[in-house]
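Enquirer: Next up, run_4.pdb (PDB, C-alpha atoms, pLDDT in the B column).
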```pdb
ATOM      1  CA  MET A   1      30.479 -77.435  58.891  1.00 39.00           C
ATOM      2  CA  LEU A   2      30.843 -73.656  58.918  1.00 41.00           C
ATOM      3  CA  ARG A   3      27.124 -73.276  59.316  1.00 46.00           C
ATOM      4  CA  ASP A   4      27.195 -75.787  62.143  1.00 51.00           C
ATOM      5  CA  ASN A   5      30.004 -73.922  63.900  1.00 56.00           C
ATOM      6  CA  GLY A   6      28.162 -70.641  63.486  1.00 56.00           C
ATOM      7  CA  GLY A   7      25.048 -72.192  64.929  1.00 61.00           C
ATOM      8  CA  ALA A   8      26.999 -73.497  67.911  1.00 62.00           C
ATOM      9  CA  VAL A   9      28.414 -70.030  68.599  1.00 56.00           C
ATOM     10  CA  THR A  10      24.961 -68.484  68.288  1.00 69.00           C
ATOM     11  CA  ASN A  11      23.446 -71.046  70.638  1.00 89.00           C
ATOM     12  CA  ARG A  12      26.204 -70.450  73.161  1.00 81.00           C
ATOM     13  CA  ARG A  13      25.643 -66.697  73.003  1.00 83.00           C
ATOM     14  CA  GLU A  14      21.918 -67.198  73.440  1.00 88.00           C
ATOM     15  CA  ARG A  15      22.507 -69.408  76.472  1.00 89.00           C
ATOM     16  CA  LEU A  16      24.859 -66.866  78.019  1.00 86.00           C
ATOM     17  CA  ARG A  17      22.404 -64.064  77.312  1.00 88.00           C
ATOM     18  CA  ALA A  18      19.544 -66.039  78.851  1.00 92.00           C
ATOM     19  CA  ALA A  19      21.668 -66.891  81.907  1.00 94.00           C
ATOM     20  CA  LEU A  20      22.582 -63.242  82.471  1.00 94.00           C
ATOM     21  CA  ASP A  21      18.957 -62.207  82.071  1.00 95.00           C
ATOM     22  CA  ARG A  22      17.982 -64.724  84.766  1.00 95.00           C
ATOM     23  CA  ASP A  23      20.698 -63.307  87.012  1.00 97.00           C
ATOM     24  CA  LEU A  24      19.380 -59.786  86.483  1.00 97.00           C
ATOM     25  CA  ARG A  25      15.843 -60.785  87.423  1.00 97.00           C
ATOM     26  CA  ARG A  26      16.897 -62.897  90.399  1.00 97.00           C
ATOM     27  CA  THR A  27      19.066 -60.072  91.659  1.00 98.00           C
ATOM     28  CA  ALA A  28      16.203 -57.607  91.234  1.00 98.00           C
ATOM     29  CA  ARG A  29      14.003 -59.864  93.339  1.00 98.00           C
ATOM     30  CA  ARG A  30      16.658 -60.241  96.053  1.00 98.00           C
ATOM     31  CA  LEU A  31      16.981 -56.468  96.235  1.00 98.00           C
ATOM     32  CA  LEU A  32      13.208 -56.137  96.409  1.00 98.00           C
ATOM     33  CA  VAL A  33      13.029 -58.549  99.344  1.00 97.00           C
ATOM     34  CA  SER A  34      15.950 -57.006 101.215  1.00 97.00           C
ATOM     35  CA  GLY A  35      15.290 -53.320 100.618  1.00 96.00           C
ATOM     36  CA  GLY A  36      11.934 -52.770  98.953  1.00 95.00           C
ATOM     37  CA  ILE A  37      11.222 -51.628  95.424  1.00 95.00           C
ATOM     38  CA  ASP A  38      13.222 -48.401  95.808  1.00 94.00           C
ATOM     39  CA  ALA A  39      16.335 -50.560  96.271  1.00 96.00           C
ATOM     40  CA  VAL A  40      15.815 -52.111  92.833  1.00 97.00           C
ATOM     41  CA  THR A  41      17.921 -49.785  90.712  1.00 96.00           C
ATOM     42  CA  LEU A  42      19.946 -50.539  87.610  1.00 97.00           C
ATOM     43  CA  ALA A  43      23.133 -49.468  89.391  1.00 97.00           C
ATOM     44  CA  ALA A  44      22.492 -51.795  92.330  1.00 97.00           C
ATOM     45  CA  ILE A  45      21.640 -54.720  90.057  1.00 97.00           C
ATOM     46  CA  ALA A  46      24.730 -54.134  87.920  1.00 97.00           C
ATOM     47  CA  ARG A  47      26.921 -53.963  91.021  1.00 97.00           C
ATOM     48  CA  GLU A  48      25.513 -57.255  92.359  1.00 96.00           C
ATOM     49  CA  VAL A  49      25.833 -59.070  89.032  1.00 96.00           C
ATOM     50  CA  GLY A  50      29.251 -57.632  88.201  1.00 96.00           C
ATOM     51  CA  ILE A  51      28.484 -55.692  85.033  1.00 95.00           C
ATOM     52  CA  THR A  52      28.189 -52.015  84.168  1.00 94.00           C
ATOM     53  CA  PRO A  53      24.735 -50.362  84.343  1.00 94.00           C
ATOM     54  CA  PRO A  54      24.683 -49.548  80.599  1.00 94.00           C
ATOM     55  CA  ALA A  55      25.015 -53.282  79.862  1.00 95.00           C
ATOM     56  CA  ILE A  56      21.524 -53.817  81.314  1.00 96.00           C
ATOM     57  CA  TYR A  57      20.070 -51.753  78.472  1.00 95.00           C
ATOM     58  CA  ARG A  58      20.888 -54.634  76.138  1.00 93.00           C
ATOM     59  CA  TYR A  59      18.164 -56.542  77.995  1.00 95.00           C
ATOM     60  CA  TYR A  60      15.743 -53.877  79.198  1.00 96.00           C
ATOM     61  CA  LYS A  61      14.777 -50.523  77.736  1.00 96.00           C
ATOM     62  CA  SER A  62      14.536 -48.882  81.148  1.00 95.00           C
ATOM     63  CA  ARG A  63      14.190 -49.510  84.868  1.00 95.00           C
ATOM     64  CA  ASP A  64      10.420 -49.535  84.391  1.00 95.00           C
ATOM     65  CA  ASP A  65      10.809 -52.301  81.807  1.00 97.00           C
ATOM     66  CA  LEU A  66      12.809 -54.403  84.261  1.00 96.00           C
ATOM     67  CA  ILE A  67      10.370 -53.648  87.087  1.00 96.00           C
ATOM     68  CA  TYR A  68       7.464 -54.811  84.925  1.00 97.00           C
ATOM     69  CA  THR A  69       9.318 -58.024  84.067  1.00 97.00           C
ATOM     70  CA  LEU A  70       9.946 -58.601  87.763  1.00 97.00           C
ATOM     71  CA  ALA A  71       6.218 -58.173  88.396  1.00 97.00           C
ATOM     72  CA  GLU A  72       5.464 -60.662  85.633  1.00 97.00           C
ATOM     73  CA  ASP A  73       7.802 -63.185  87.279  1.00 97.00           C
ATOM     74  CA  VAL A  74       6.101 -62.750  90.656  1.00 98.00           C
ATOM     75  CA  ILE A  75       2.611 -62.962  89.151  1.00 98.00           C
ATOM     76  CA  GLY A  76       3.584 -66.023  87.136  1.00 98.00           C
ATOM     77  CA  GLU A  77       4.883 -67.750  90.264  1.00 98.00           C
ATOM     78  CA  LEU A  78       1.628 -67.044  92.100  1.00 98.00           C
ATOM     79  CA  VAL A  79      -0.445 -68.277  89.159  1.00 98.00           C
ATOM     80  CA  GLY A  80       1.583 -71.498  89.237  1.00 98.00           C
ATOM     81  CA  GLU A  81       0.786 -71.963  92.937  1.00 98.00           C
ATOM     82  CA  LEU A  82      -2.919 -71.361  92.314  1.00 98.00           C
ATOM     83  CA  ARG A  83      -3.070 -73.800  89.402  1.00 98.00           C
ATOM     84  CA  ALA A  84      -1.222 -76.465  91.378  1.00 98.00           C
ATOM     85  CA  ALA A  85      -3.757 -76.103  94.199  1.00 98.00           C
ATOM     86  CA  ALA A  86      -6.675 -76.312  91.761  1.00 98.00           C
ATOM     87  CA  ALA A  87      -5.194 -79.409  90.098  1.00 98.00           C
ATOM     88  CA  GLU A  88      -5.698 -81.346  93.343  1.00 97.00           C
ATOM     89  CA  HIS A  89      -9.489 -81.193  92.777  1.00 97.00           C
ATOM     90  CA  PRO A  90     -10.016 -81.404  89.002  1.00 96.00           C
ATOM     91  CA  GLU A  91     -13.733 -82.271  89.141  1.00 94.00           C
ATOM     92  CA  ARG A  92     -14.752 -79.958  91.976  1.00 97.00           C
ATOM     93  CA  PRO A  93     -14.703 -76.212  91.262  1.00 98.00           C
ATOM     94  CA  ASP A  94     -15.966 -75.541  94.783  1.00 97.00           C
ATOM     95  CA  ARG A  95     -12.961 -77.284  96.316  1.00 97.00           C
ATOM     96  CA  GLN A  96     -10.684 -75.717  93.729  1.00 98.00           C
ATOM     97  CA  LEU A  97     -11.702 -72.257  94.881  1.00 98.00           C
ATOM     98  CA  ILE A  98     -11.175 -73.106  98.545  1.00 98.00           C
ATOM     99  CA  ALA A  99      -7.758 -74.614  97.784  1.00 98.00           C
ATOM    100  CA  MET A 100      -6.790 -71.595  95.688  1.00 98.00           C
ATOM    101  CA  ILE A 101      -7.757 -69.165  98.438  1.00 98.00           C
ATOM    102  CA  ARG A 102      -5.505 -71.044 100.849  1.00 97.00           C
ATOM    103  CA  ALA A 103      -2.723 -71.204  98.268  1.00 98.00           C
ATOM    104  CA  PHE A 104      -2.980 -67.451  97.787  1.00 97.00           C
ATOM    105  CA  THR A 105      -2.818 -66.687 101.506  1.00 96.00           C
ATOM    106  CA  GLY A 106       0.028 -69.160 101.946  1.00 96.00           C
ATOM    107  CA  TRP A 107       2.038 -67.662  99.103  1.00 97.00           C
ATOM    108  CA  ALA A 108       1.488 -64.112 100.345  1.00 96.00           C
ATOM    109  CA  ALA A 109       2.548 -65.011 103.884  1.00 94.00           C
ATOM    110  CA  LYS A 110       5.806 -66.479 102.548  1.00 96.00           C
ATOM    111  CA  ASN A 111       6.429 -63.690 100.019  1.00 97.00           C
ATOM    112  CA  ARG A 112       5.474 -60.523 101.831  1.00 96.00           C
ATOM    113  CA  ALA A 113       7.761 -58.179  99.930  1.00 97.00           C
ATOM    114  CA  GLU A 114       6.562 -59.548  96.602  1.00 97.00           C
ATOM    115  CA  TYR A 115       2.915 -59.261  97.663  1.00 97.00           C
ATOM    116  CA  GLY A 116       3.468 -55.660  98.706  1.00 96.00           C
ATOM    117  CA  PHE A 117       5.216 -54.887  95.425  1.00 96.00           C
ATOM    118  CA  VAL A 118       2.483 -56.301  93.200  1.00 96.00           C
ATOM    119  CA  PHE A 119      -0.657 -55.682  95.268  1.00 95.00           C
ATOM    120  CA  GLY A 120       0.291 -52.815  97.580  1.00 92.00           C
ATOM    121  CA  VAL A 121       0.362 -49.037  97.309  1.00 86.00           C
ATOM    122  CA  PRO A 122       3.036 -48.178  94.718  1.00 84.00           C
ATOM    123  CA  SER A 123       6.214 -46.305  95.485  1.00 83.00           C
ATOM    124  CA  PRO A 124       6.501 -42.973  93.634  1.00 85.00           C
ATOM    125  CA  THR A 125       9.493 -44.487  91.836  1.00 78.00           C
ATOM    126  CA  VAL A 126       7.252 -46.972  89.986  1.00 83.00           C
ATOM    127  CA  ASP A 127       4.157 -44.830  89.440  1.00 81.00           C
ATOM    128  CA  ASP A 128       4.546 -44.855  85.670  1.00 85.00           C
ATOM    129  CA  VAL A 129       4.555 -48.649  85.345  1.00 93.00           C
ATOM    130  CA  TYR A 130       2.137 -49.425  88.171  1.00 93.00           C
ATOM    131  CA  ARG A 131      -0.998 -49.260  86.016  1.00 93.00           C
ATOM    132  CA  GLU A 132       0.484 -51.895  83.735  1.00 95.00           C
ATOM    133  CA  ILE A 133       1.328 -54.093  86.717  1.00 96.00           C
ATOM    134  CA  VAL A 134      -2.233 -53.771  88.046  1.00 95.00           C
ATOM    135  CA  LYS A 135      -3.610 -54.717  84.646  1.00 96.00           C
ATOM    136  CA  ALA A 136      -1.273 -57.718  84.447  1.00 96.00           C
ATOM    137  CA  TRP A 137      -2.309 -59.187  87.789  1.00 97.00           C
ATOM    138  CA  THR A 138      -5.972 -58.394  87.173  1.00 96.00           C
ATOM    139  CA  VAL A 139      -5.887 -60.381  83.931  1.00 97.00           C
ATOM    140  CA  LYS A 140      -3.758 -63.278  85.160  1.00 97.00           C
ATOM    141  CA  ILE A 141      -4.863 -63.697  88.773  1.00 97.00           C
ATOM    142  CA  GLY A 142      -8.473 -62.768  88.008  1.00 97.00           C
ATOM    143  CA  GLY A 143      -8.495 -65.102  85.031  1.00 96.00           C
ATOM    144  CA  THR A 144      -7.033 -67.969  87.045  1.00 98.00           C
ATOM    145  CA  PHE A 145      -9.651 -67.655  89.787  1.00 98.00           C
ATOM    146  CA  GLY A 146     -12.270 -67.035  87.115  1.00 97.00           C
ATOM    147  CA  GLU A 147     -11.918 -70.484  85.546  1.00 97.00           C
ATOM    148  CA  PRO A 148     -13.310 -72.506  88.498  1.00 98.00           C
ATOM    149  CA  TYR A 149     -15.684 -69.652  89.336  1.00 98.00           C
ATOM    150  CA  LEU A 150     -17.267 -69.959  85.882  1.00 97.00           C
ATOM    151  CA  ARG A 151     -17.411 -73.744  86.192  1.00 97.00           C
ATOM    152  CA  LEU A 152     -19.094 -73.451  89.573  1.00 97.00           C
ATOM    153  CA  TRP A 153     -21.645 -71.015  88.143  1.00 97.00           C
ATOM    154  CA  ARG A 154     -22.455 -73.410  85.317  1.00 95.00           C
ATOM    155  CA  GLN A 155     -22.832 -76.380  87.661  1.00 95.00           C
ATOM    156  CA  ARG A 156     -24.973 -74.687  90.280  1.00 93.00           C
ATOM    157  CA  PRO A 157     -25.734 -70.972  89.887  1.00 94.00           C
ATOM    158  CA  PHE A 158     -25.776 -69.057  93.162  1.00 95.00           C
ATOM    159  CA  ASP A 159     -27.662 -65.954  94.161  1.00 95.00           C
ATOM    160  CA  VAL A 160     -26.369 -62.747  92.586  1.00 97.00           C
ATOM    161  CA  PRO A 161     -27.874 -59.255  92.245  1.00 97.00           C
ATOM    162  CA  ALA A 162     -30.083 -58.711  89.212  1.00 97.00           C
ATOM    163  CA  GLU A 163     -28.637 -56.350  86.624  1.00 96.00           C
ATOM    164  CA  SER A 164     -31.570 -53.987  87.201  1.00 96.00           C
ATOM    165  CA  GLU A 165     -30.357 -53.548  90.811  1.00 97.00           C
ATOM    166  CA  LEU A 166     -26.978 -52.228  89.699  1.00 97.00           C
ATOM    167  CA  GLU A 167     -26.333 -48.553  89.086  1.00 97.00           C
ATOM    168  CA  PRO A 168     -25.508 -47.682  85.454  1.00 97.00           C
ATOM    169  CA  ALA A 169     -22.026 -46.468  86.379  1.00 97.00           C
ATOM    170  CA  LEU A 170     -21.362 -49.731  88.223  1.00 98.00           C
ATOM    171  CA  GLN A 171     -22.699 -51.784  85.318  1.00 98.00           C
ATOM    172  CA  LYS A 172     -20.279 -50.105  82.931  1.00 97.00           C
ATOM    173  CA  GLN A 173     -17.281 -50.799  85.140  1.00 98.00           C
ATOM    174  CA  LEU A 174     -18.326 -54.367  85.820  1.00 98.00           C
ATOM    175  CA  ASP A 175     -18.692 -54.936  82.101  1.00 97.00           C
ATOM    176  CA  SER A 176     -15.149 -53.654  81.489  1.00 97.00           C
ATOM    177  CA  TYR A 177     -13.790 -55.889  84.241  1.00 97.00           C
ATOM    178  CA  ARG A 178     -15.738 -58.877  82.904  1.00 97.00           C
ATOM    179  CA  ALA A 179     -14.119 -58.466  79.485  1.00 97.00           C
ATOM    180  CA  LEU A 180     -10.644 -57.983  80.964  1.00 96.00           C
ATOM    181  CA  VAL A 181     -10.680 -61.241  82.944  1.00 96.00           C
ATOM    182  CA  GLY A 182     -12.458 -63.270  80.254  1.00 95.00           C
ATOM    183  CA  LEU A 183     -15.776 -63.876  82.011  1.00 96.00           C
ATOM    184  CA  GLU A 184     -18.049 -62.446  79.300  1.00 93.00           C
ATOM    185  CA  ARG A 185     -20.440 -65.398  79.626  1.00 91.00           C
ATOM    186  CA  MET A 186     -21.397 -64.481  83.193  1.00 96.00           C
ATOM    187  CA  PRO A 187     -24.056 -61.950  84.230  1.00 97.00           C
ATOM    188  CA  LEU A 188     -22.908 -58.672  85.750  1.00 98.00           C
ATOM    189  CA  GLY A 189     -24.300 -59.661  89.153  1.00 98.00           C
ATOM    190  CA  ALA A 190     -21.989 -62.670  89.213  1.00 98.00           C
ATOM    191  CA  ILE A 191     -19.049 -60.424  88.320  1.00 98.00           C
ATOM    192  CA  LEU A 192     -19.934 -58.183  91.257  1.00 98.00           C
ATOM    193  CA  VAL A 193     -19.935 -61.183  93.605  1.00 98.00           C
ATOM    194  CA  PHE A 194     -16.584 -62.274  92.116  1.00 98.00           C
ATOM    195  CA  ILE A 195     -15.087 -58.880  92.958  1.00 98.00           C
ATOM    196  CA  GLU A 196     -16.629 -58.977  96.436  1.00 97.00           C
ATOM    197  CA  CYS A 197     -14.915 -62.335  97.004  1.00 97.00           C
ATOM    198  CA  TRP A 198     -11.623 -60.872  95.812  1.00 96.00           C
ATOM    199  CA  SER A 199     -12.041 -57.814  98.071  1.00 97.00           C
ATOM    200  CA  ARG A 200     -12.407 -60.110 101.092  1.00 97.00           C
ATOM    201  CA  MET A 201      -9.283 -62.023 100.161  1.00 97.00           C
ATOM    202  CA  TYR A 202      -7.325 -58.852  99.508  1.00 96.00           C
ATOM    203  CA  ALA A 203      -8.380 -57.249 102.767  1.00 95.00           C
ATOM    204  CA  SER A 204      -7.525 -60.345 104.788  1.00 96.00           C
ATOM    205  CA  MET A 205      -4.073 -60.698 103.273  1.00 95.00           C
ATOM    206  CA  SER A 206      -3.280 -56.976 103.367  1.00 95.00           C
ATOM    207  CA  PHE A 207      -4.106 -56.804 107.077  1.00 94.00           C
ATOM    208  CA  ASP A 208      -1.611 -59.654 107.522  1.00 94.00           C
ATOM    209  CA  VAL A 209       1.197 -58.701 105.135  1.00 94.00           C
ATOM    210  CA  PHE A 210       1.228 -55.009 106.030  1.00 93.00           C
ATOM    211  CA  GLY A 211       0.931 -55.686 109.767  1.00 92.00           C
ATOM    212  CA  LEU A 212      -2.249 -53.666 110.148  1.00 91.00           C
ATOM    213  CA  MET A 213      -3.389 -55.850 113.054  1.00 90.00           C
ATOM    214  CA  SER A 214       0.056 -56.623 114.465  1.00 89.00           C
ATOM    215  CA  ALA A 215      -0.623 -54.777 117.712  1.00 91.00           C
ATOM    216  CA  THR A 216      -2.976 -57.572 118.770  1.00 93.00           C
ATOM    217  CA  PHE A 217      -2.711 -60.412 116.225  1.00 92.00           C
ATOM    218  CA  THR A 218       0.404 -62.557 115.975  1.00 91.00           C
ATOM    219  CA  ASP A 219      -1.277 -65.237 113.846  1.00 93.00           C
ATOM    220  CA  MET A 220      -3.798 -64.207 111.200  1.00 94.00           C
ATOM    221  CA  THR A 221      -4.527 -67.773 110.052  1.00 94.00           C
ATOM    222  CA  PRO A 222      -7.862 -68.020 111.924  1.00 95.00           C
ATOM    223  CA  MET A 223      -8.940 -64.734 110.341  1.00 95.00           C
ATOM    224  CA  HIS A 224      -7.988 -66.018 106.890  1.00 96.00           C
ATOM    225  CA  GLU A 225     -10.126 -69.094 107.504  1.00 97.00           C
ATOM    226  CA  ARG A 226     -13.060 -66.921 108.518  1.00 97.00           C
ATOM    227  CA  MET A 227     -12.564 -65.007 105.290  1.00 97.00           C
ATOM    228  CA  CYS A 228     -12.581 -68.312 103.384  1.00 97.00           C
ATOM    229  CA  ARG A 229     -15.796 -69.338 105.141  1.00 97.00           C
ATOM    230  CA  GLY A 230     -17.357 -65.996 104.204  1.00 97.00           C
ATOM    231  CA  VAL A 231     -16.461 -66.480 100.544  1.00 98.00           C
ATOM    232  CA  CYS A 232     -18.029 -69.938 100.653  1.00 97.00           C
ATOM    233  CA  GLU A 233     -21.232 -68.424 102.024  1.00 97.00           C
ATOM    234  CA  LEU A 234     -21.307 -65.866  99.203  1.00 96.00           C
ATOM    235  CA  LEU A 235     -20.986 -68.657  96.639  1.00 97.00           C
ATOM    236  CA  GLY A 236     -23.349 -71.092  98.321  1.00 96.00           C
ATOM    237  CA  ILE A 237     -20.722 -73.792  98.750  1.00 96.00           C
ATOM    238  CA  GLU A 238     -19.866 -75.873 101.793  1.00 96.00           C
ATOM    239  CA  TYR A 239     -16.899 -74.637 103.791  1.00 96.00           C
ATOM    240  CA  GLU A 240     -14.414 -77.370 104.600  1.00 92.00           C
ATOM    241  CA  PRO A 241     -11.694 -76.976 107.247  1.00 93.00           C
ATOM    242  CA  PRO A 242      -8.133 -77.367 105.939  1.00 90.00           C
ATOM    243  CA  GLY A 243      -7.642 -80.959 107.104  1.00 77.00           C
ATOM    244  CA  LYS A 244     -10.842 -82.193 105.523  1.00 65.00           C
ATOM    245  CA  ALA A 245     -10.413 -80.260 102.304  1.00 53.00           C
ATOM    246  CA  GLU A 246      -6.952 -81.738 101.734  1.00 54.00           C
ATOM    247  CA  THR A 247      -8.064 -85.374 101.980  1.00 51.00           C
ATOM    248  CA  GLY A 248      -9.304 -85.456  98.389  1.00 52.00           C
ATOM    249  CA  ASP A 249     -12.566 -85.364  96.473  1.00 56.00           C
ATOM    250  CA  SER A 250     -15.551 -87.475  97.325  1.00 50.00           C
TER
END
```
Write the structure described by the file as structure tokens, please.

Expert:
Amino acid sequence: MLRDNGGAVTNRRERLRAALDRDLRRTARRLLVSGGIDAVTLAAIAREVGITPPAIYRYYKSRDDLIYTLAEDVIGELVGELRAAAAEHPERPDRQLIAMIRAFTGWAAKNRAEYGFVFGVPSPTVDDVYREIVKAWTVKIGGTFGEPYLRLWRQRPFDVPAESELEPALQKQLDSYRALVGLERMPLGAILVFIECWSRMYASMSFDVFGLMSATFTDMTPMHERMCRGVCELLGIEYEPPGKAETGDS
């Protein structure tokens, strides 16, 4: 009985600890959305949650540690959106990629502060942890897109540059990227095309999220669709407008 009581107390403490940790992370995200990453300080979080700043050190070693965890939460949410979109077309990697592109642009449009935090130019206050955040999203987002990309390549290889066409310095960097995202079974030319697809997506969303075309564009959706069409052309797959693509596989 004593052991049982002790276990109950321990479980209760663990639940309370987990609940407070969730509050810390949720509060950090609210501060990020309302004031940007510079507003996410231990003092501000403690004030919002109703604890003292030193109490946060029971959960996180430093502000950078909490900031990295916040980034992991945001990246994990985006990965979930991408996988849900891909799950709608389990037998069609071409449609999976199109659906994932639209899921990515949709998520970014709804979560502009989070997109800027993870994918934008870092604030000087998070310089030290930013490299780790970049590595995290490269592995997780790149790996998630890489799964249907590899399947598509296996089903119907598309045109890619021959390795002999790539400069040695580029080959070395592509090889490092290939290993990081888990696409070792693909040729370097296919990795280059993969990055070119990502660069189109990133440019399209960054123009939107950061308001770089806001002087003339109030709705970037048509531009995102042109980006999607361009990616399809790179991969040799048929572009399908949103309505058609959402009706299911044939």

Enquirer: I would like the residues chosen by the PyMOL selection byres ((chain A and resi 138) around 12) on the shown file; could you give them as a list in words?

Expert: Glu72, Ile75, Val79, Val118, Phe119, Arg131, Glu132, Ile133, Val134, Lys135, Ala136, Trp137, Val139, Lys140, Ile141, Gly142, Gly143, Thr144, Phe145, Gly146, Ser176, Tyr177, Arg178, Ala179, Leu180, Val181, Gly182, Ile195 and Trp198 of chain A

Enquirer: Between A:Ile191, A:Leu66, A:Arg156, A:Leu42, single out the one closest to A:Lys172, counting all atoms listed in the file.

Expert: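 Smallest distance to A:Lys172 is found for A:Ile191.
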
Enquirer: Using the chain letters and numbering of this document, enumerate as an mmCIF file with C-alpha atoms, in the frame of the given file the residues selected by the PyMOL selection byres ((chain A and resi 106) around 12).

Expert:
```cif
data_model
loop_
_atom_site.group_PDB
_atom_site.id
_atom_site.type_symbol
_atom_site.label_atom_id
_atom_site.label_comp_id
_atom_site.auth_asym_id
_atom_site.auth_seq_id
_atom_site.Cartn_x
_atom_site.Cartn_y
_atom_site.Cartn_z
ATOM 1 C CA LEU A 78 1.628 -67.044 92.100
ATOM 2 C CA GLU A 81 0.786 -71.963 92.937
ATOM 3 C CA LEU A 82 -2.919 -71.361 92.314
ATOM 4 C CA ALA A 85 -3.757 -76.103 94.199
ATOM 5 C CA ALA A 99 -7.758 -74.614 97.784
ATOM 6 C CA MET A 100 -6.790 -71.595 95.688
ATOM 7 C CA ILE A 101 -7.757 -69.165 98.438
ATOM 8 C CA ARG A 102 -5.505 -71.044 100.849
ATOM 9 C CA ALA A 103 -2.723 -71.204 98.268
ATOM 10 C CA PHE A 104 -2.980 -67.451 97.787
ATOM 11 C CA THR A 105 -2.818 -66.687 101.506
ATOM 12 C CA TRP A 107 2.038 -67.662 99.103
ATOM 13 C CA ALA A 108 1.488 -64.112 100.345
ATOM 14 C CA ALA A 109 2.548 -65.011 103.884
ATOM 15 C CA LYS A 110 5.806 -66.479 102.548
ATOM 16 C CA ASN A 111 6.429 -63.690 100.019
ATOM 17 C CA ARG A 112 5.474 -60.523 101.831
ATOM 18 C CA TYR A 115 2.915 -59.261 97.663
ATOM 19 C CA MET A 201 -9.283 -62.023 100.161
ATOM 20 C CA SER A 204 -7.525 -60.345 104.788
ATOM 21 C CA MET A 205 -4.073 -60.698 103.273
ATOM 22 C CA ASP A 208 -1.611 -59.654 107.522
ATOM 23 C CA VAL A 209 1.197 -58.701 105.135
ATOM 24 C CA MET A 220 -3.798 -64.207 111.200
ATOM 25 C CA THR A 221 -4.527 -67.773 110.052
ATOM 26 C CA HIS A 224 -7.988 -66.018 106.890
ATOM 27 C CA GLU A 225 -10.126 -69.094 107.504
#
```

Enquirer: Which value, in Å to one decimal, gives the distance between atom CA of A:Ile37 and atom CA of A:Gly211?

Expert: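 Between these atoms lies a distance of 18.1 Å.
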
Enquirer: Go through A:Asp21, A:Ala169, A:Gly116, A:Pro124 and flag the residue nearest A:Tyr202, using all atoms listed in the file for the distances.

Expert: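 The answer is A:Gly116, which sits nearest to A:Tyr202.
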
Enquirer: Convert the output of the PyMOL selection byres ((chain A and resi 151) around 12) on the shown file into explicit residues, formatted as a PDB file with C-alpha atoms, in the coordinates of the input.

Expert:
```pdb
ATOM      1  CA  PRO A  90     -10.016 -81.404  89.002  1.00 96.00           C
ATOM      2  CA  GLU A  91     -13.733 -82.271  89.141  1.00 94.00           C
ATOM      3  CA  ARG A  92     -14.752 -79.958  91.976  1.00 97.00           C
ATOM      4  CA  PRO A  93     -14.703 -76.212  91.262  1.00 98.00           C
ATOM      5  CA  ASP A  94     -15.966 -75.541  94.783  1.00 97.00           C
ATOM      6  CA  ARG A  95     -12.961 -77.284  96.316  1.00 97.00           C
ATOM      7  CA  GLN A  96     -10.684 -75.717  93.729  1.00 98.00           C
ATOM      8  CA  LEU A  97     -11.702 -72.257  94.881  1.00 98.00           C
ATOM      9  CA  THR A 144      -7.033 -67.969  87.045  1.00 98.00           C
ATOM     10  CA  PHE A 145      -9.651 -67.655  89.787  1.00 98.00           C
ATOM     11  CA  GLY A 146     -12.270 -67.035  87.115  1.00 97.00           C
ATOM     12  CA  GLU A 147     -11.918 -70.484  85.546  1.00 97.00           C
ATOM     13  CA  PRO A 148     -13.310 -72.506  88.498  1.00 98.00           C
ATOM     14  CA  TYR A 149     -15.684 -69.652  89.336  1.00 98.00           C
ATOM     15  CA  LEU A 150     -17.267 -69.959  85.882  1.00 97.00           C
ATOM     16  CA  LEU A 152     -19.094 -73.451  89.573  1.00 97.00           C
ATOM     17  CA  TRP A 153     -21.645 -71.015  88.143  1.00 97.00           C
ATOM     18  CA  ARG A 154     -22.455 -73.410  85.317  1.00 95.00           C
ATOM     19  CA  GLN A 155     -22.832 -76.380  87.661  1.00 95.00           C
ATOM     20  CA  ARG A 156     -24.973 -74.687  90.280  1.00 93.00           C
ATOM     21  CA  PRO A 157     -25.734 -70.972  89.887  1.00 94.00           C
ATOM     22  CA  PHE A 158     -25.776 -69.057  93.162  1.00 95.00           C
ATOM     23  CA  LEU A 183     -15.776 -63.876  82.011  1.00 96.00           C
ATOM     24  CA  ARG A 185     -20.440 -65.398  79.626  1.00 91.00           C
ATOM     25  CA  MET A 186     -21.397 -64.481  83.193  1.00 96.00           C
TER      26      MET A 186
END
```

Enquirer: Please return as an mmCIF file with C-alpha atoms, in the coordinates of the input every residue within 7 Å of (6.4, -56.7, 92.4), taking into account all atoms listed in the file and the file's own coordinates.

Expert:
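New file selection-v1.cif:
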```cif
data_model
loop_
_atom_site.group_PDB
_atom_site.id
_atom_site.type_symbol
_atom_site.label_atom_id
_atom_site.label_comp_id
_atom_site.auth_asym_id
_atom_site.auth_seq_id
_atom_site.Cartn_x
_atom_site.Cartn_y
_atom_site.Cartn_z
ATOM 1 C CA LEU A 70 9.946 -58.601 87.763
ATOM 2 C CA ALA A 71 6.218 -58.173 88.396
ATOM 3 C CA VAL A 74 6.101 -62.750 90.656
ATOM 4 C CA GLU A 114 6.562 -59.548 96.602
ATOM 5 C CA TYR A 115 2.915 -59.261 97.663
ATOM 6 C CA PHE A 117 5.216 -54.887 95.425
ATOM 7 C CA VAL A 118 2.483 -56.301 93.200
#
```

Enquirer: Expressed in Å to a single decimal, how great is the separation between atom CA of A:Arg22 and atom CA of A:Val126?

Expert: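 Value for the atom CA of A:Arg22-atom CA of A:Val126 distance: 21.4 Å.
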
Enquirer: I'd like the interatomic distance between atom CA of A:Cys232 and atom CA of A:Leu192, to a tenth of an Å.

Expert: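 Distance between the two atoms: 15.2 Å.
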
Enquirer: May I ask which of the residues A:Ala46, A:Gly189, A:Gly80, A:Met213 is the closest one to A:Gln171, counting only C-alpha atoms?

Expert: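 Answer, going by the shortest atom-to-atom distance: A:Gly189.
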
Enquirer: Quick one: residues within 12 Å of A:Ser34, all atoms listed in the file, excluding same-chain residues fewer than 4 positions away - as a PyMOL selection string?

Expert: chain A and resi 27-30+38-40+111-114
